[in-house]
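Listing of entry09.cif; format and content: mmCIF, C-alpha atoms and all ligand atoms.
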data_upload
#
loop_
_atom_site.label_atom_id
_atom_site.label_comp_id
_atom_site.auth_asym_id
_atom_site.auth_seq_id
_atom_site.Cartn_x
_atom_site.Cartn_y
_atom_site.Cartn_z
CA MET L 1 4.39 -7.94 16.92
CA SER L 2 3.67 -11.46 15.71
CA HIS L 3 5.68 -14.41 14.51
CA ALA L 4 6.32 -15.63 11.02
CA HIS L 5 3.56 -18.23 11.25
CA ASP L 6 0.88 -15.55 10.88
CA LYS L 7 1.77 -15.00 7.26
CA THR L 8 -0.58 -15.99 4.52
CA PRO L 9 1.50 -17.90 1.98
CA ASN L 10 1.25 -16.90 -1.63
CA ASN L 11 3.41 -18.61 -4.22
CA SER L 12 1.67 -17.59 -7.39
CA ALA L 13 3.61 -17.45 -10.63
CA ALA L 14 2.45 -13.85 -11.11
CA GLU L 15 3.97 -12.87 -7.78
CA SER L 16 7.29 -14.59 -8.51
CA ALA L 17 7.52 -12.87 -11.87
CA ARG L 18 6.80 -9.51 -10.28
CA GLU L 19 9.54 -10.01 -7.68
CA THR L 20 12.19 -10.73 -10.25
CA VAL L 21 11.48 -7.68 -12.41
CA GLU L 22 10.65 -5.01 -9.83
CA PRO L 23 13.73 -3.18 -8.54
CA ALA L 24 13.90 -2.35 -4.84
CA PRO L 25 13.08 1.30 -4.08
CA ALA L 26 16.08 3.41 -3.05
CA PHE L 27 16.62 4.87 0.41
CA THR L 28 15.53 8.49 0.57
CA PRO L 29 17.68 11.12 2.33
CA ALA L 30 14.99 11.36 5.04
CA LEU L 31 15.13 7.62 5.63
CA ARG L 32 18.92 7.69 5.89
CA LYS L 33 18.72 10.49 8.42
CA GLN L 34 16.16 8.55 10.45
CA ILE L 35 18.38 5.45 10.56
CA GLU L 36 21.42 7.53 11.53
CA GLY L 37 19.29 8.92 14.36
CA PHE L 38 18.54 5.41 15.64
CA LEU L 39 22.24 4.59 15.60
CA THR L 40 23.07 7.52 17.84
CA ARG L 41 20.06 6.98 20.12
CA TYR L 42 20.72 3.36 21.13
CA GLU L 43 23.64 1.96 23.08
CA THR L 44 24.31 -0.91 20.70
CA LYS L 45 23.97 -1.01 16.94
CA ARG L 46 21.90 -4.15 17.25
CA SER L 47 19.20 -2.22 19.14
CA ALA L 48 18.74 0.00 16.10
CA ILE L 49 17.81 -2.91 13.83
CA LEU L 50 14.08 -3.12 14.61
CA PRO L 51 13.38 0.63 14.40
CA ALA L 52 15.46 0.82 11.22
CA LEU L 53 13.44 -1.98 9.62
CA HIS L 54 10.19 -0.28 10.67
CA ALA L 55 11.37 2.96 9.15
CA ILE L 56 12.28 1.26 5.85
CA GLN L 57 8.93 -0.48 5.63
CA ASP L 58 7.00 2.69 6.48
CA GLU L 59 8.86 4.69 3.88
CA LEU L 60 9.33 2.15 1.08
CA GLY L 61 6.56 -0.37 1.72
CA TRP L 62 8.81 -3.42 2.05
CA ILE L 63 12.33 -4.61 2.86
CA ALA L 64 14.39 -5.98 -0.01
CA ASN L 65 17.71 -7.83 0.01
CA GLU L 66 19.31 -4.67 -1.35
CA HIS L 67 18.13 -2.81 1.75
CA ILE L 68 19.73 -5.39 4.03
CA GLU L 69 23.01 -4.92 2.16
CA ILE L 70 22.81 -1.13 2.60
CA LEU L 71 22.13 -1.53 6.33
CA ASP L 72 25.17 -3.75 6.59
CA LYS L 73 27.66 -1.85 4.41
CA GLU L 74 26.62 1.74 5.05
CA PHE L 75 25.18 1.66 8.56
CA GLY L 76 27.12 -1.22 10.13
CA LEU L 77 24.01 -3.26 11.02
CA HIS L 78 25.15 -6.83 10.58
CA ARG L 79 23.25 -8.58 7.79
CA VAL L 80 22.93 -11.84 9.75
CA GLN L 81 21.31 -10.04 12.69
CA VAL L 82 19.05 -8.07 10.33
CA ARG L 83 17.91 -11.28 8.64
CA GLU L 84 17.29 -12.89 12.04
CA ALA L 85 14.96 -10.02 12.94
CA LEU L 86 13.22 -10.21 9.58
CA THR L 87 12.52 -13.92 9.80
CA PHE L 88 11.35 -13.71 13.41
CA TYR L 89 8.75 -10.97 12.95
CA SER L 90 5.98 -11.35 10.39
CA ALA L 91 5.17 -7.64 10.53
CA TYR L 92 8.05 -7.03 8.14
CA ARG L 93 7.31 -7.44 4.46
CA GLN L 94 10.06 -8.93 2.35
CA LYS L 95 8.12 -8.76 -0.90
CA LYS L 96 6.86 -5.77 -2.75
CA PRO L 97 3.27 -5.32 -1.58
CA ARG L 98 0.43 -5.32 -4.02
CA LYS L 99 -1.55 -2.17 -4.75
CA HIS L 100 -3.59 -2.62 -1.58
CA THR L 101 -2.59 -4.60 1.50
CA ILE L 102 -5.32 -6.18 3.59
CA GLN L 103 -4.48 -7.10 7.17
CA PHE L 104 -7.36 -9.09 8.59
CA CYS L 105 -7.57 -9.74 12.31
CA ASN L 106 -7.55 -13.48 12.93
CA ASN L 107 -7.63 -13.27 16.69
CA ILE L 108 -10.29 -15.04 18.74
CA VAL L 109 -13.04 -12.41 18.88
CA CYS L 110 -12.95 -11.78 15.14
CA CYS L 111 -12.78 -15.50 14.40
CA MET L 112 -15.85 -16.13 16.56
CA VAL L 113 -17.87 -13.82 14.32
CA GLY L 114 -16.70 -15.12 10.97
CA ALA L 115 -13.26 -13.61 10.20
CA ASN L 116 -11.96 -16.82 8.64
CA GLU L 117 -14.89 -17.07 6.25
CA VAL L 118 -14.33 -13.49 5.10
CA ILE L 119 -10.59 -14.11 4.70
CA ASP L 120 -11.41 -17.18 2.56
CA GLN L 121 -13.71 -15.05 0.43
CA ILE L 122 -10.93 -12.49 -0.12
CA LYS L 123 -8.52 -15.30 -1.04
CA GLY L 124 -11.12 -16.56 -3.51
CA HIS L 125 -11.12 -13.15 -5.25
CA ILE L 126 -7.33 -13.13 -5.35
CA LYS L 127 -7.35 -16.61 -6.89
CA LYS L 128 -9.77 -15.46 -9.59
CA TYR L 129 -7.38 -12.71 -10.68
CA GLU L 130 -4.47 -15.13 -10.68
CA ASN L 131 -6.39 -17.71 -12.70
CA GLN L 132 -6.91 -15.04 -15.35
CA GLY L 133 -3.19 -14.28 -15.34
CA VAL L 134 -3.87 -10.85 -13.85
CA GLU L 135 -1.92 -9.33 -10.96
CA PRO L 136 -4.42 -9.14 -8.05
CA PRO L 137 -4.86 -5.57 -6.79
CA PHE L 138 -4.66 -6.69 -3.18
CA SER L 139 -3.01 -9.18 -0.85
CA VAL L 140 -4.37 -10.51 2.43
CA GLU L 141 -2.68 -11.65 5.60
CA GLY L 142 -3.91 -12.62 9.04
CA VAL L 143 -2.74 -10.37 11.86
CA PRO L 144 -3.16 -10.32 15.65
CA CYS L 145 -5.88 -8.32 17.42
CA LEU L 146 -6.30 -4.84 15.94
CA CYS L 147 -7.69 -3.62 19.30
CA VAL L 148 -11.12 -2.81 17.89
CA CYS L 149 -12.85 -5.98 19.10
CA ASP L 150 -16.18 -4.13 19.44
CA GLY L 151 -16.18 -3.84 15.67
CA ALA L 152 -15.22 -7.45 14.93
CA PRO L 153 -14.55 -8.76 12.36
CA ALA L 154 -12.04 -6.03 11.65
CA MET L 155 -9.43 -5.35 8.99
CA LEU L 156 -7.04 -2.72 7.75
CA VAL L 157 -6.80 -1.96 4.06
CA ASN L 158 -3.53 -0.09 3.76
CA LYS L 159 -4.05 2.29 6.69
CA ASP L 160 -7.89 2.42 6.54
CA ARG L 161 -9.73 0.62 9.28
CA HIS L 162 -12.89 -1.34 8.42
CA LEU L 163 -15.17 -2.72 11.11
CA LYS L 164 -17.93 -5.34 11.00
CA VAL L 165 -16.62 -6.76 7.77
CA THR L 166 -18.80 -9.62 6.63
CA LYS L 167 -19.21 -12.03 3.72
CA GLU L 168 -22.02 -9.75 2.60
CA ASN L 169 -20.17 -6.42 2.52
CA ILE L 170 -16.60 -7.50 1.68
CA ASP L 171 -17.17 -7.66 -2.09
CA SER L 172 -18.19 -4.01 -2.36
CA ILE L 173 -15.25 -2.93 -0.18
CA LEU L 174 -12.84 -4.85 -2.42
CA GLU L 175 -14.42 -3.43 -5.57
CA LYS L 176 -13.92 0.06 -4.26
CA TYR L 177 -10.22 -0.51 -3.62
CA ALA L 178 -9.66 -2.36 -6.89
CA SER L 179 -10.84 0.76 -8.74
CA LEU L 180 -8.49 3.08 -6.79
CA PRO L 181 -4.90 3.79 -7.74
CA GLY L 182 -2.28 2.14 -5.54
S1 LIG L 201 -9.91 -9.84 18.10
FE1 LIG L 201 -10.11 -8.84 16.20
S2 LIG L 201 -9.94 -6.75 16.71
FE2 LIG L 201 -9.61 -7.75 18.57
#

The structure in this file should be written as structure tokens.
Ligand code: FES
Amino acid sequence: MSHAHDKTPNNSAAESARETVEPAPAFTPALRKQIEGFLTRYETKRSAILPALHAIQDELGWIANEHIEILDKEFGLHRVQVREALTFYSAYRQKKPRKHTIQFCNNIVCCMVGANEVIDQIKGHIKKYENQGVEPPFSVEGVPCLCVCDGAPAMLVNKDRHLKVTKENIDSILEKYASLPG
């Protein structure tokens, strides 16, 4: 898991507007059961925080303030400790993700074969959407080694793995995802 510094900042007006209007998704019964399971499995409540956050993100896509409140009030996971975990690990998303989430490896092997240039190209596409006042269909963030260095540069789009991603083939990959439902 990586630290907060890996995150790609994005402060667009479109994103801020989206955050204020989109309600946080509710906990499902299955998610509640999973979290209760963590609470019985670990010796201290605090130890259940990381797996609980993982479970929320897997199920709901992101972790909202409302979710932190539920963890505190209904499951007894102290909100201060939950927030500490959230700010320490960049793997947790605290904003509703866009339709497609791109996680691009920015570790050394991928960078040596052009990862940063491809990431810049993706950011350029995102900027174009924003300049037109349109919500971009994808977000991009740098992540640590995806353990497929033979296929560098590598990225995940949602849960799909793409290898040997270059400035030449990235546009057609993005087009494909932009035309898919979220
Ligand atoms: S360095 Fe990018 S996949 Fe390993």

To check your reading of the model: which residues sit at most 12 Å from ligand LIG 201 (chain L) when counting only C-alpha atoms and all ligand atoms? Write the answer as a JSON list (two decimals) with C-alpha atoms, keeping the file's coordinate frame.
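Below is the file that was written, selection34.json:
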[["chain", "number", "residue", "atom", "x", "y", "z"],
["L", 103, "GLN", "CA", -4.48, -7.10, 7.17],
["L", 104, "PHE", "CA", -7.36, -9.09, 8.59],
["L", 105, "CYS", "CA", -7.57, -9.74, 12.31],
["L", 106, "ASN", "CA", -7.55, -13.48, 12.93],
["L", 107, "ASN", "CA", -7.63, -13.27, 16.69],
["L", 108, "ILE", "CA", -10.29, -15.04, 18.74],
["L", 109, "VAL", "CA", -13.04, -12.41, 18.88],
["L", 110, "CYS", "CA", -12.95, -11.78, 15.14],
["L", 111, "CYS", "CA", -12.78, -15.50, 14.40],
["L", 112, "MET", "CA", -15.85, -16.13, 16.56],
["L", 113, "VAL", "CA", -17.87, -13.82, 14.32],
["L", 114, "GLY", "CA", -16.70, -15.12, 10.97],
["L", 115, "ALA", "CA", -13.26, -13.61, 10.20],
["L", 116, "ASN", "CA", -11.96, -16.82, 8.64],
["L", 142, "GLY", "CA", -3.91, -12.62, 9.04],
["L", 143, "VAL", "CA", -2.74, -10.37, 11.86],
["L", 144, "PRO", "CA", -3.16, -10.32, 15.65],
["L", 145, "CYS", "CA", -5.88, -8.32, 17.42],
["L", 146, "LEU", "CA", -6.30, -4.84, 15.94],
["L", 147, "CYS", "CA", -7.69, -3.62, 19.30],
["L", 148, "VAL", "CA", -11.12, -2.81, 17.89],
["L", 149, "CYS", "CA", -12.85, -5.98, 19.10],
["L", 150, "ASP", "CA", -16.18, -4.13, 19.44],
["L", 151, "GLY", "CA", -16.18, -3.84, 15.67],
["L", 152, "ALA", "CA", -15.22, -7.45, 14.93],
["L", 153, "PRO", "CA", -14.55, -8.76, 12.36],
["L", 154, "ALA", "CA", -12.04, -6.03, 11.65],
["L", 155, "MET", "CA", -9.43, -5.35, 8.99],
["L", 156, "LEU", "CA", -7.04, -2.72, 7.75],
["L", 161, "ARG", "CA", -9.73, 0.62, 9.28],
["L", 162, "HIS", "CA", -12.89, -1.34, 8.42],
["L", 163, "LEU", "CA", -15.17, -2.72, 11.11],
["L", 164, "LYS", "CA", -17.93, -5.34, 11.00],
["L", 165, "VAL", "CA", -16.62, -6.76, 7.77]]

Q: Could you tell me which of L:Lys176, L:Arg46, L:Arg98, L:Lys159 comes closest to Arg83 in chain L if we count all atoms listed in the file?
A: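 Of the candidates, the smallest distance to Arg83 in chain L is held by L:Arg46.
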
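Among the candidates L:Pro29, L:Pro23, L:Gly133, L:Gly124, the residue lying nearest to Lys167 in chain L is L:Gly124 (atoms considered: all atoms listed in the file).
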
Q) Which neighbours of Ile63 in chain L fall inside 8 Å, counting all atoms listed in the file, when residues of the same chain fewer than 2 positions from it are skipped, and could you give them as a PyMOL selection string? A) chain L and resi 53+56-57+60-61+65+67-68+92-96

Q: Determine, counting all atoms listed in the file, which protein, DNA and RNA residues have an atom within 12 Å of an atom of Glu69 in chain L; residues of the same chain fewer than 6 positions away are not included. Present the result as JSON, numbers by chain.
A: {"L": [24, 27, 63, 75, 76, 77, 78, 79, 80, 81, 82, 83]}

Could the residues in this selection be written to a file with C-alpha atoms, as a PDB file, in the frame of the given file?
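Below is the file out_19.pdb, written as the result:
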ATOM      1  CA  ALA L  24      13.900  -2.350  -4.840  1.00  0.00           C
ATOM      2  CA  PHE L  27      16.620   4.870   0.410  1.00  0.00           C
ATOM      3  CA  ILE L  63      12.330  -4.610   2.860  1.00  0.00           C
ATOM      4  CA  PHE L  75      25.180   1.660   8.560  1.00  0.00           C
ATOM      5  CA  GLY L  76      27.120  -1.220  10.130  1.00  0.00           C
ATOM      6  CA  LEU L  77      24.010  -3.260  11.020  1.00  0.00           C
ATOM      7  CA  HIS L  78      25.150  -6.830  10.580  1.00  0.00           C
ATOM      8  CA  ARG L  79      23.250  -8.580   7.790  1.00  0.00           C
ATOM      9  CA  VAL L  80      22.930 -11.840   9.750  1.00  0.00           C
ATOM     10  CA  GLN L  81      21.310 -10.040  12.690  1.00  0.00           C
ATOM     11  CA  VAL L  82      19.050  -8.070  10.330  1.00  0.00           C
ATOM     12  CA  ARG L  83      17.910 -11.280   8.640  1.00  0.00           C
TER      13      ARG L  83
END

Q. Please, what distance in Å, to one decimal, runs between CA of Trp62 in chain L and CA of Ile170 in chain L?
A.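 These two atoms are separated by 25.7 Å.
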
Q | Within-10 Å shell of (-4.0, -0.6, -9.4) in input frame, all atoms listed in the file, as a ChimeraX atom specification | A | /L:98-100,135-138,177-182

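Take the candidates L:Glu74, L:Asp171, L:Ala91, L:Asn158 and check each one against Ile126 in chain L using all atoms listed in the file; the shortest distance goes to L:Asp171.
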
**Q.** Separation of CA of Ala26 in chain L from CA of His54 in chain L in Å
**A.**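 Computed distance, CA of His54 in chain L to CA of Ala26 in chain L, equals 15.4 Å.
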
Size and centre in Å, one decimal, axis-aligned box, all listed range 21-37 of chain L atoms plus 4 Å per side, as JSON:
{"center_x": 16.0, "center_y": 1.8, "center_z": 1.0, "size_x": 18.8, "size_y": 27.0, "size_z": 34.8}

Q: Work out how far CA of Asp58 in chain L is from CA of Tyr129 in chain L, in Å to one decimal.
A: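 Distance reported for this atom pair: 27.2 Å.
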
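Distance check against Ile122 in chain L using all atoms listed in the file: of L:Pro51, L:Asp160, L:Val134, L:Ser172, the minimum falls on L:Ser172.
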
Q) Please, which residues are within 9 Å of (15.5, 6.1, 5.7) by the file's coordinates, counting all atoms listed in the file, and could they come as an MDAnalysis selection string? A) chainID L and resid 27:36 52 55:56 59:60
